[in-house]
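Trainee: Below is work.txt; it holds compact mmCIF, C-alpha atoms.
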# COMPACT_ATOMS: atom_id res chain seq x y z
CA MET A 11 31.36 -6.23 -12.56
CA SER A 12 28.67 -6.47 -15.25
CA GLU A 13 26.11 -3.71 -15.75
CA ARG A 14 22.91 -4.37 -13.83
CA VAL A 15 19.68 -5.05 -15.76
CA ILE A 16 16.72 -3.79 -13.76
CA MET A 17 13.11 -3.70 -14.94
CA HIS A 18 10.15 -1.96 -13.37
CA ILE A 19 6.80 -3.45 -14.40
CA ASP A 20 3.59 -1.47 -13.79
CA MET A 21 0.18 -2.97 -14.55
CA ASN A 22 -1.85 -0.30 -16.37
CA ALA A 23 -5.07 1.06 -14.79
CA PHE A 24 -4.89 -2.03 -12.60
CA TYR A 25 -8.17 -1.98 -10.64
CA ALA A 26 -10.23 -0.91 -13.64
CA SER A 27 -8.46 -3.34 -15.98
CA VAL A 28 -9.20 -6.24 -13.63
CA ALA A 29 -12.87 -5.21 -13.56
CA GLN A 30 -12.97 -5.08 -17.37
CA HIS A 31 -11.29 -8.47 -17.67
CA LEU A 32 -13.70 -10.09 -15.22
CA ASP A 33 -16.74 -8.57 -16.94
CA PRO A 34 -16.34 -8.47 -20.75
CA ARG A 35 -19.33 -6.11 -20.99
CA LEU A 36 -17.12 -3.38 -19.51
CA ARG A 37 -14.37 -3.64 -22.12
CA GLY A 38 -13.98 -0.52 -24.20
CA ARG A 39 -16.20 1.49 -21.85
CA ALA A 40 -15.35 4.29 -19.42
CA VAL A 41 -15.06 2.46 -16.10
CA ALA A 42 -14.14 3.72 -12.66
CA VAL A 43 -13.61 1.76 -9.48
CA ALA A 44 -15.07 3.73 -6.60
CA GLY A 45 -16.12 3.43 -2.98
CA ASP A 46 -19.67 3.41 -1.73
CA PRO A 47 -21.24 6.89 -1.35
CA GLU A 48 -23.61 5.44 1.25
CA ARG A 49 -20.58 4.63 3.38
CA ARG A 50 -19.07 8.08 2.72
CA ASN A 51 -16.09 6.83 0.76
CA GLY A 52 -17.54 7.53 -2.68
CA ILE A 53 -14.39 8.69 -4.44
CA ILE A 54 -12.69 7.42 -7.58
CA LEU A 55 -10.05 4.83 -6.70
CA ALA A 56 -9.03 3.98 -10.27
CA LYS A 57 -10.18 4.63 -13.80
CA SER A 58 -9.87 2.91 -17.17
CA ARG A 59 -8.06 4.50 -20.11
CA GLU A 60 -11.44 5.41 -21.60
CA ALA A 61 -12.44 7.21 -18.39
CA LYS A 62 -9.06 8.94 -18.19
CA ALA A 63 -9.58 10.22 -21.75
CA CYS A 64 -12.78 11.91 -20.50
CA GLY A 65 -10.85 13.72 -17.77
CA VAL A 66 -11.80 11.48 -14.84
CA LYS A 67 -9.20 11.70 -12.08
CA THR A 68 -8.30 9.49 -9.17
CA ALA A 69 -9.47 10.73 -5.73
CA GLU A 70 -12.24 12.98 -7.06
CA ALA A 71 -15.85 12.51 -5.98
CA ILE A 72 -18.14 10.34 -8.06
CA TRP A 73 -20.44 13.26 -8.84
CA GLN A 74 -17.49 15.25 -10.20
CA ALA A 75 -16.44 12.33 -12.40
CA ARG A 76 -19.99 11.93 -13.75
CA GLN A 77 -20.08 15.60 -14.72
CA LYS A 78 -17.07 15.00 -16.95
CA CYS A 79 -18.19 11.59 -18.16
CA PRO A 80 -21.99 11.01 -17.99
CA GLN A 81 -21.60 7.50 -19.43
CA LEU A 82 -19.14 6.49 -16.67
CA VAL A 83 -19.73 2.99 -15.26
CA ILE A 84 -19.00 2.74 -11.54
CA VAL A 85 -17.94 -0.63 -10.10
CA PRO A 86 -17.09 -1.46 -6.48
CA PRO A 87 -13.56 -2.49 -5.51
CA ASP A 88 -12.74 -6.20 -5.37
CA TYR A 89 -9.55 -6.46 -3.33
CA ALA A 90 -9.52 -10.25 -3.36
CA ALA A 91 -9.40 -10.19 -7.17
CA TYR A 92 -6.66 -7.54 -7.19
CA LYS A 93 -4.52 -9.61 -4.85
CA ARG A 94 -5.09 -12.71 -6.97
CA TYR A 95 -4.10 -11.00 -10.23
CA SER A 96 -1.13 -9.34 -8.52
CA ARG A 97 0.13 -12.69 -7.31
CA LEU A 98 -0.35 -14.31 -10.74
CA ALA A 99 1.66 -11.52 -12.39
CA ARG A 100 4.49 -11.90 -9.92
CA MET A 101 4.57 -15.61 -10.52
CA ILE A 102 5.27 -14.83 -14.19
CA TYR A 103 8.13 -12.52 -13.21
CA TYR A 104 9.50 -15.20 -10.91
CA GLU A 105 10.03 -17.48 -13.90
CA TYR A 106 12.73 -15.07 -15.10
CA THR A 107 14.53 -14.27 -11.84
CA ASP A 108 14.31 -14.87 -8.11
CA LEU A 109 14.92 -11.16 -7.51
CA VAL A 110 11.41 -9.69 -7.58
CA GLU A 111 10.50 -6.76 -5.34
CA PRO A 112 6.81 -5.78 -5.22
CA PHE A 113 5.96 -2.11 -4.83
CA GLY A 114 2.25 -2.19 -4.10
CA LEU A 115 -0.18 -4.55 -5.79
CA ASP A 116 0.45 -3.42 -9.35
CA GLU A 117 4.18 -2.64 -9.50
CA SER A 118 7.36 -4.70 -9.19
CA TRP A 119 11.06 -4.31 -9.77
CA ILE A 120 12.90 -7.34 -11.12
CA ASP A 121 16.67 -7.82 -11.44
CA LEU A 122 17.73 -9.87 -14.46
CA THR A 123 21.48 -9.24 -14.16
CA GLY A 124 22.32 -12.84 -13.32
CA SER A 125 19.71 -14.59 -15.44
CA LEU A 126 19.39 -12.54 -18.64
CA HIS A 127 21.79 -14.84 -20.50
CA LEU A 128 19.33 -17.71 -19.97
CA PHE A 129 16.76 -15.88 -22.08
CA GLY A 130 18.91 -14.77 -25.00
CA GLY A 131 20.75 -11.85 -23.40
CA ASP A 132 18.54 -9.08 -24.88
CA ALA A 133 16.76 -7.12 -22.15
CA MET A 134 14.28 -5.48 -24.54
CA LEU A 135 13.22 -8.85 -25.98
CA VAL A 136 12.70 -10.23 -22.49
CA ALA A 137 10.71 -7.14 -21.45
CA ASN A 138 8.44 -7.53 -24.46
CA GLU A 139 8.08 -11.24 -23.76
CA ILE A 140 6.98 -10.57 -20.17
CA SER A 141 4.57 -7.90 -21.38
CA GLY A 142 3.08 -10.31 -23.90
CA ARG A 143 2.71 -13.08 -21.36
CA VAL A 144 0.86 -10.85 -18.90
CA LYS A 145 -1.50 -9.82 -21.68
CA ASP A 146 -2.06 -13.35 -22.97
CA GLU A 147 -2.29 -15.13 -19.62
CA LEU A 148 -3.99 -12.51 -17.45
CA GLY A 149 -5.69 -10.22 -19.97
CA LEU A 150 -3.94 -7.14 -18.56
CA THR A 151 -1.40 -4.74 -20.04
CA VAL A 152 1.81 -3.55 -18.43
CA SER A 153 4.32 -0.76 -18.91
CA VAL A 154 7.95 -1.83 -18.54
CA GLY A 155 10.94 0.36 -17.79
CA VAL A 156 14.44 -1.04 -18.37
CA SER A 157 17.57 0.50 -16.92
CA TRP A 158 20.69 -0.16 -14.87
CA ASN A 159 19.08 1.14 -11.65
CA LYS A 160 15.69 1.08 -9.92
CA VAL A 161 15.03 4.82 -10.13
CA PHE A 162 15.36 5.09 -13.91
CA ALA A 163 13.59 1.75 -14.44
CA LYS A 164 10.55 3.13 -12.63
CA LEU A 165 10.84 6.42 -14.50
CA GLY A 166 10.76 4.45 -17.74
CA SER A 167 7.57 2.56 -16.88
CA ASP A 168 5.94 5.77 -15.63
CA THR A 169 6.79 7.43 -18.95
CA ASP A 170 5.16 4.77 -21.12
CA PRO A 171 1.54 5.60 -22.04
CA GLY A 172 0.61 1.93 -21.72
CA ASP A 173 1.53 -1.54 -23.02
CA GLY A 174 5.04 -0.56 -24.04
CA VAL A 175 8.70 -0.78 -23.04
CA VAL A 176 10.96 2.22 -22.37
CA SER A 177 14.71 1.78 -22.00
CA ILE A 178 16.80 4.37 -20.15
CA THR A 179 20.49 3.63 -20.60
CA ARG A 180 23.77 5.27 -19.65
CA GLU A 181 23.97 6.47 -23.25
CA ASN A 182 20.50 8.05 -23.53
CA TYR A 183 19.43 9.09 -20.00
CA ARG A 184 20.45 12.72 -20.58
CA ASP A 185 18.18 12.84 -23.63
CA VAL A 186 15.32 10.75 -22.17
CA ALA A 187 15.23 11.51 -18.44
CA TRP A 188 16.70 14.97 -18.03
CA PRO A 189 14.05 16.87 -20.06
CA MET A 190 11.27 15.42 -17.87
CA ALA A 191 9.72 17.45 -15.07
CA ALA A 192 11.47 16.85 -11.75
CA SER A 193 8.12 15.79 -10.27
CA GLU A 194 8.20 12.67 -12.47
CA MET A 195 11.01 11.16 -10.40
CA ILE A 196 10.36 8.98 -7.38
CA TYR A 197 10.44 10.86 -4.07
CA VAL A 198 9.94 14.25 -5.69
CA GLY A 199 6.48 14.92 -4.27
CA PRO A 200 4.33 18.04 -4.73
CA ALA A 201 6.00 19.97 -1.88
CA THR A 202 9.52 19.17 -3.08
CA ALA A 203 8.59 19.99 -6.67
CA ARG A 204 7.22 23.40 -5.57
CA LYS A 205 10.46 24.22 -3.76
CA LEU A 206 12.50 23.20 -6.79
CA ARG A 207 10.36 25.26 -9.18
CA ALA A 208 10.54 28.29 -6.91
CA ALA A 209 14.33 28.12 -7.18
CA GLY A 210 14.26 27.63 -10.95
CA TYR A 211 14.83 23.87 -11.02
CA GLU A 212 12.09 22.62 -13.35
CA THR A 213 13.44 19.41 -14.85
CA ILE A 214 15.33 16.29 -13.77
CA GLY A 215 18.32 17.70 -15.64
CA ASP A 216 18.13 20.90 -13.58
CA LEU A 217 18.07 18.80 -10.41
CA ALA A 218 21.05 16.79 -11.64
CA HIS A 219 23.10 20.00 -11.73
CA ALA A 220 21.80 21.57 -8.49
CA GLY A 221 24.46 22.98 -6.20
CA ASP A 222 25.46 21.67 -2.78
CA TYR A 223 24.52 24.87 -0.96
CA PHE A 224 20.98 24.96 -2.31
CA LEU A 225 20.31 21.25 -1.75
CA GLY A 226 21.76 21.22 1.74
CA ARG A 227 19.95 24.39 2.83
CA ARG A 228 16.53 23.50 1.41
CA PHE A 229 16.39 19.70 1.69
CA GLY A 230 19.27 18.39 3.78
CA LYS A 231 20.56 14.88 3.03
CA ILE A 232 17.57 13.93 0.90
CA GLY A 233 18.47 16.75 -1.52
CA PHE A 234 21.83 15.11 -2.29
CA MET A 235 20.10 11.75 -2.67
CA LEU A 236 17.65 13.22 -5.21
CA ARG A 237 20.52 14.74 -7.18
CA ASP A 238 22.19 11.32 -7.26
CA PHE A 239 18.92 9.81 -8.51
CA ALA A 240 18.74 12.42 -11.26
CA ASN A 241 22.24 11.41 -12.35
CA GLY A 242 21.38 7.71 -12.34
CA ILE A 243 23.36 7.03 -9.18
CA ASP A 244 21.33 4.41 -7.33
CA GLY A 245 22.84 1.17 -6.08
CA SER A 246 19.84 -0.01 -4.07
CA PRO A 247 19.27 -3.74 -4.63
CA VAL A 248 16.12 -5.46 -5.81
CA ARG A 249 15.26 -7.56 -2.80
CA GLN A 250 14.39 -11.21 -3.13
CA MET A 251 10.79 -12.31 -3.28
CA ASP A 252 9.44 -15.18 -1.22
CA PRO A 253 7.73 -17.25 -3.95
CA ALA A 254 5.37 -18.84 -1.41
CA LYS A 255 3.98 -15.41 -0.54
CA ALA A 256 4.66 -13.63 -3.83
CA ASP A 257 6.01 -10.84 -1.67
CA VAL A 258 9.30 -9.42 -0.44
CA ASP A 259 10.71 -10.66 2.83
CA TYR A 260 10.94 -7.41 4.78
CA VAL A 261 10.94 -6.43 8.42
CA VAL A 262 7.47 -5.32 9.45
CA LYS A 263 7.69 -2.10 11.46
CA GLY A 264 3.97 -1.63 12.11
CA ILE A 265 0.52 -3.02 11.35
CA GLY A 266 -2.43 -0.67 11.09
CA ASN A 267 -5.94 -0.31 9.76
CA GLY A 268 -8.22 2.71 9.47
CA LEU A 269 -11.71 3.46 8.22
CA THR A 270 -13.99 6.38 7.53
CA ALA A 271 -17.16 5.40 9.37
CA PRO A 272 -20.38 4.99 7.35
CA ARG A 273 -21.90 7.66 9.59
CA ASP A 274 -20.66 10.03 12.30
CA LEU A 275 -19.85 8.27 15.56
CA VAL A 276 -21.76 10.13 18.26
CA CYS A 277 -21.68 7.87 21.32
CA GLU A 278 -19.51 5.36 23.15
CA SER A 279 -21.12 2.29 21.58
CA ASP A 280 -20.59 3.70 18.05
CA VAL A 281 -16.90 4.32 18.69
CA LYS A 282 -16.41 0.99 20.46
CA ALA A 283 -17.91 -0.97 17.56
CA LEU A 284 -15.46 0.54 15.06
CA VAL A 285 -12.47 0.37 17.40
CA TRP A 286 -13.06 -3.34 17.99
CA LEU A 287 -13.47 -4.02 14.26
CA LEU A 288 -10.17 -2.26 13.50
CA SER A 289 -8.38 -3.85 16.45
CA GLU A 290 -9.59 -7.27 15.32
CA SER A 291 -8.06 -6.71 11.88
CA VAL A 292 -4.76 -5.39 13.28
CA SER A 293 -4.43 -8.14 15.88
CA GLN A 294 -5.31 -10.91 13.43
CA ARG A 295 -2.64 -9.70 11.01
CA MET A 296 -0.13 -9.57 13.88
CA ARG A 297 -0.86 -13.18 14.79
CA GLU A 298 -0.64 -14.26 11.14
CA SER A 299 2.87 -12.75 11.07
CA ARG A 300 3.73 -14.31 14.44
CA LEU A 301 4.20 -10.90 16.04
CA ARG A 302 3.27 -9.11 19.24
CA CYS A 303 3.29 -5.34 19.85
CA ARG A 304 4.29 -3.14 22.75
CA THR A 305 2.88 0.12 21.37
CA VAL A 306 -0.72 0.81 20.36
CA SER A 307 -1.66 4.09 18.71
CA VAL A 308 -4.89 5.62 17.46
CA GLY A 309 -5.62 8.36 14.96
CA VAL A 310 -8.94 10.18 15.11
CA ARG A 311 -10.53 12.56 12.58
CA ARG A 312 -13.36 14.71 13.86
CA ALA A 313 -16.57 15.07 11.88
CA GLY A 314 -17.08 18.79 12.42
CA ASP A 315 -13.96 20.37 10.93
CA LEU A 316 -12.07 17.22 9.79
CA SER A 317 -9.25 18.06 12.20
CA GLY A 318 -7.55 15.17 13.89
CA TYR A 319 -5.13 13.92 16.48
CA SER A 320 -3.10 10.82 17.28
CA ARG A 321 -2.16 9.26 20.59
CA GLN A 322 -0.18 6.22 21.64
CA THR A 323 0.62 4.13 24.70
CA THR A 324 3.32 1.57 25.40
CA LEU A 325 2.97 -1.73 27.26
CA ARG A 326 5.56 -3.36 29.49
CA ILE A 327 4.69 -6.82 28.14
CA PRO A 328 3.96 -7.21 24.40
CA THR A 329 0.59 -8.54 23.25
CA CYS A 330 -1.23 -9.77 20.17
CA LEU A 331 -4.64 -10.11 21.84
CA THR A 332 -7.54 -8.37 20.15
CA SER A 333 -9.02 -7.45 23.53
CA ASP A 334 -5.79 -5.80 24.68
CA VAL A 335 -5.39 -3.73 21.51
CA ALA A 336 -9.06 -2.70 21.49
CA LYS A 337 -9.15 -1.71 25.16
CA LEU A 338 -5.96 0.32 24.84
CA ALA A 339 -7.19 2.07 21.68
CA MET A 340 -10.58 2.80 23.23
CA GLY A 341 -8.91 4.14 26.37
CA LEU A 342 -6.76 6.54 24.34
CA ILE A 343 -9.83 7.98 22.62
CA GLU A 344 -11.88 8.26 25.82
CA ALA A 345 -8.98 10.05 27.53
CA ASN A 346 -8.80 12.69 24.82
CA GLN A 347 -12.39 13.65 24.07
CA PRO A 348 -16.02 13.23 25.11
CA LEU A 349 -17.98 10.72 23.06
CA ASP A 350 -21.11 12.66 22.13
CA GLU A 351 -22.75 14.42 19.18
CA GLU A 352 -20.86 17.65 19.80
CA HIS A 353 -17.57 15.79 19.43
CA ALA A 354 -18.63 13.37 16.68
CA ILE A 355 -15.91 11.26 15.05
CA ARG A 356 -15.67 10.65 11.31
CA ALA A 357 -12.69 8.27 11.01
CA ILE A 358 -10.47 6.15 13.26
CA HIS A 359 -7.13 4.45 12.67
CA VAL A 360 -5.60 1.80 14.96
CA ARG A 361 -1.93 0.84 14.66
CA ALA A 362 0.40 -1.60 16.42
CA THR A 363 4.15 -0.91 16.48
CA ASN A 364 7.25 -1.79 18.50
CA LEU A 365 6.84 -5.36 17.29
CA SER A 366 8.54 -8.54 18.45
CA SER A 367 8.28 -12.20 17.49
CA MET A 368 5.75 -14.47 19.18
CA ASP A 369 8.60 -16.95 19.45
CA ASP A 370 10.51 -14.63 21.79
CA PRO A 371 10.21 -15.52 25.49
CA LEU A 372 7.91 -13.29 27.53
CA GLN A 373 8.86 -11.72 30.85
CA CYS A 374 5.77 -12.59 32.89
CA ASP A 375 4.18 -10.20 35.36
CA ILE A 376 4.75 -11.43 38.90
CA PHE A 377 1.31 -10.14 39.86
CA GLY A 378 -0.45 -11.33 36.69
CA ASP A 379 -1.85 -14.63 35.51
CA ALA A 380 0.50 -15.82 32.76
CA GLU A 381 -1.54 -18.94 32.07
CA GLU A 382 -4.68 -16.87 31.54
CA ALA A 383 -2.89 -14.68 28.99
CA LEU A 384 -1.67 -17.75 27.10
CA ARG A 385 -5.18 -19.24 27.11
CA ALA A 386 -6.54 -15.98 25.68
CA GLU A 387 -3.87 -16.05 22.98
CA ARG A 388 -4.72 -19.64 22.06
CA LEU A 389 -8.39 -18.69 21.85
CA ASP A 390 -7.63 -15.85 19.43
CA LEU A 391 -5.49 -18.21 17.34
CA ALA A 392 -8.34 -20.74 17.25
CA ILE A 393 -10.71 -18.01 16.02
CA ASP A 394 -8.14 -17.07 13.37
CA GLU A 395 -8.07 -20.67 12.18
CA LEU A 396 -11.86 -20.72 11.84
CA ARG A 397 -11.80 -17.47 9.87
CA SER A 398 -9.08 -18.76 7.56
CA ARG A 399 -11.30 -21.72 6.71
CA PHE A 400 -14.75 -20.13 6.62
CA GLY A 401 -14.15 -16.40 6.11
CA ASN A 402 -13.59 -13.47 8.44
CA ARG A 403 -17.28 -13.05 9.16
CA CYS A 404 -17.85 -16.57 10.49
CA VAL A 405 -17.08 -15.44 14.07
CA HIS A 406 -18.17 -12.04 15.43
CA ARG A 407 -17.67 -10.40 18.79
CA ALA A 408 -20.88 -9.09 20.29
CA VAL A 409 -19.53 -5.53 20.55
CA GLU A 410 -19.07 -5.45 16.76
CA LEU A 411 -22.77 -6.18 16.18
CA THR A 412 -24.11 -3.13 17.98
CA ASP A 413 -24.12 -1.27 14.64
CA GLU A 414 -25.88 -3.06 11.76
CA VAL A 415 -23.84 -1.40 8.99
CA MET A 416 -20.41 -1.75 10.60
CA GLY A 417 -21.23 -5.26 11.76
CA GLY A 418 -21.49 -6.27 8.10
CA LEU A 419 -18.05 -4.98 7.17
CA ASP A 420 -15.06 -7.25 6.58
CA ILE A 421 -12.37 -4.71 7.38
CA LYS A 422 -9.45 -7.12 7.23
CA ARG A 423 -10.40 -8.49 3.81
CA ASP A 424 -10.88 -5.03 2.32
CA ASN A 425 -7.78 -3.51 3.90
CA THR A 426 -5.14 -2.36 1.41
CA VAL A 427 -1.56 -2.99 2.51
CA HIS A 428 0.49 -0.14 1.08
CA PRO A 429 3.92 -0.70 -0.44
CA ILE A 430 7.03 -0.53 1.66
CA GLY A 431 8.74 2.77 0.97
CA PHE A 432 11.61 2.85 -1.54
CA LEU A 433 13.88 4.09 1.26
CA ARG A 434 12.47 1.54 3.78
Can you give me the file's structure in the form of C-alpha cells?

Mentor:
Amino acid sequence: MSERVIMHIDMNAFYASVAQHLDPRLRGRAVAVAGDPERRNGIILAKSREAKACGVKTAEAIWQARQKCPQLVIVPPDYAAYKRYSRLARMIYYEYTDLVEPFGLDESWIDLTGSLHLFGGDAMLVANEISGRVKDELGLTVSVGVSWNKVFAKLGSDTDPGDGVVSITRENYRDVAWPMAASEMIYVGPATARKLRAAGYETIGDLAHAGDYFLGRRFGKIGFMLRDFANGIDGSPVRQMDPAKADVDYVVKGIGNGLTAPRDLVCESDVKALVWLLSESVSQRMRESRLRCRTVSVGVRRAGDLSGYSRQTTLRIPTCLTSDVAKLAMGLIEANQPLDEEHAIRAIHVRATNLSSMDDPLQCDIFGDAEEALRAERLDLAIDELRSRFGNRCVHRAVELTDEVMGGLDIKRDNTVHPIGFLR
C-alpha cells in the first residue's frame, strides 16, 4: 500500500485578510475584526499580521487592543464574505482531489494519495501550486502542511509563519515535530498541557515516550491516542467533500445557536424576543437539512455573576416547527428562574438534538390533530422559501419585534457553524 499524501491548508489571518482584500485601503495596516461594543460583544475576533506584530490578541477587548496598537483599524465581521471565500478556496482544492475535509471556514485537509501522479508526483510542488493559486485567484495567503497523516499535516501548517509549506515526513518528524511544545499538537488543550508539564512532559517528543501507567492514570484512553499522534500513528481518513456544498457529508448530531444579548434581559418579553429569534434560526436550519428534533435544550448565562445553567426536555413526537422549539425553550427558562431585573439574563443558547429525517414516517398522536401539524410545517417551509429568495429579514414574527435592537438582528446569517471535531 502506497504512503498516504495528506495536506492541511490553513488560510492565514482569514477574517482580517478577507477584509483587507475587499478594501485595498486596509492593506498593510493593522486591522482587527471585532464585534460591536454597543451590542456587548466588542472583542477581537481576528487580527492581521500587522496587528499581531503589535501584540493584539484574539478574544481580548477592543480597548485592550487599542492600548497596544493605537493605530488599529476595527472592522465588523462579514460572515457572508467569509463563507464565500471559504467556498472558493475549497473549489480550488477540489480540482486536485475529491477528498477534501473542511475544518472550519479557513482550514481543510486534502488527500492526494490517489491523484498526486496526475500533477507530476511531487507533493511539495503541488502544495506550492495550490498556495500560489489561492494567492493569485483569491488574494489570500495560506500555510500548507504536508505529511502522511492528518495530525502531522495540521502540525506542519500550524508551524508555518505564513504563506509557506512545511513537510513532516517519516524521515524528519523526530527532528521537526518532537522538539515542539506538546501544546502545539491537536487535542492537547491548555488543561492537558498543564498536566503534561506538571509531570515533566514538555514536548511532543516527551509525549511520544510517555509510559502506559502515567497516560492511563491521568488521561485514560485519550492519553494513549495522544501518544500515538506524537509518534505519527494516525490512520483517520480525509472524508469526501460534497462539491455542491463545498462541505463534508457528515451526520449532524445537533443544531444550535446562541447570542449575548445587546442588553440585560429583565422581563418576560425581553427573554421571549431573543428565544424566538434563536429558535427561528435553529428550526430553519433543521428544515434546510430535512431534519426534525426530539430534544430541545437551552443554556442561560446570568448577568449578575455570569454563572449559568442548561436544561433540556424531550418530545414524544419529533418536530421542526419554530413555534414548538420556541415554546419548549421558553418553558425551560420560565421553569428555572423568575424573569425580572434581579435575575437578569445576559446570554441564551437554544439547541436541537436527537435528530431524525423529515422523510421518516411520524407516529401521530391519537388525541392530536396531525393535519394541523403538517399545515404548520408547510407554512414554516413556505416562510423559509421566501427568506431564501429575499433574505432572512423579509418575514418577521411579531414577538421578535418587541425589542427594536434585537428585531434588527439576522441571527441565522451571522451564526458561525463550528467545525466538526477531529474525533467526531

Trainee: Just want the 10 Å neighbourhood of Gly314 (chain A), counted on only C-alpha atoms, with same-chain residues fewer than 6 positions away dropped. Output as a ChimeraX atom specification.

Mentor: /A:274,351-356

Trainee: Can you measure CA of Glu60 (chain A) to CA of Ala203 (chain A) for me? One decimal in Å is fine.

Mentor: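 Pair CA of Glu60 (chain A) / CA of Ala203 (chain A) returns 28.9 Å.
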
Trainee: Counting only C-alpha atoms, figure out which residue out of A:Gly264, A:Gly52, A:Gly233, A:Pro348 gets nearest to Gln74 (chain A).

Mentor: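 Closest candidate: A:Gly52.
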
Trainee: Smallest atom-to-atom distance to Thr324 (chain A): which of A:Gly45, A:Asn364, A:Gln294, A:Glu105, using only C-alpha atoms?

Mentor: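 Closest to Thr324 (chain A), using only C-alpha atoms: A:Asn364.
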
Trainee: From the list A:Ala63, A:Ala40, A:Ala29, A:Val156, which residue is nearest Tyr95 (chain A) when using only C-alpha atoms?

Mentor: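 Going through A:Ala63, A:Ala40, A:Ala29, A:Val156 one by one, the smallest distance to Tyr95 (chain A) is for A:Ala29.
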
Trainee: I need the residue nearest Val281 (chain A) from this list: A:Gly341, A:Pro371, A:Gly245, A:Gly174. Use all atoms listed in the file for the distance.

Mentor: A:Gly341

Trainee: Quick one: residues within 12 Å of Arg37 (chain A), only C-alpha atoms counted, chain neighbours fewer than 6 positions away excluded, as a VMD selection string?

Mentor: chain A and resid 26 to 31 58 to 61 83 149 to 150
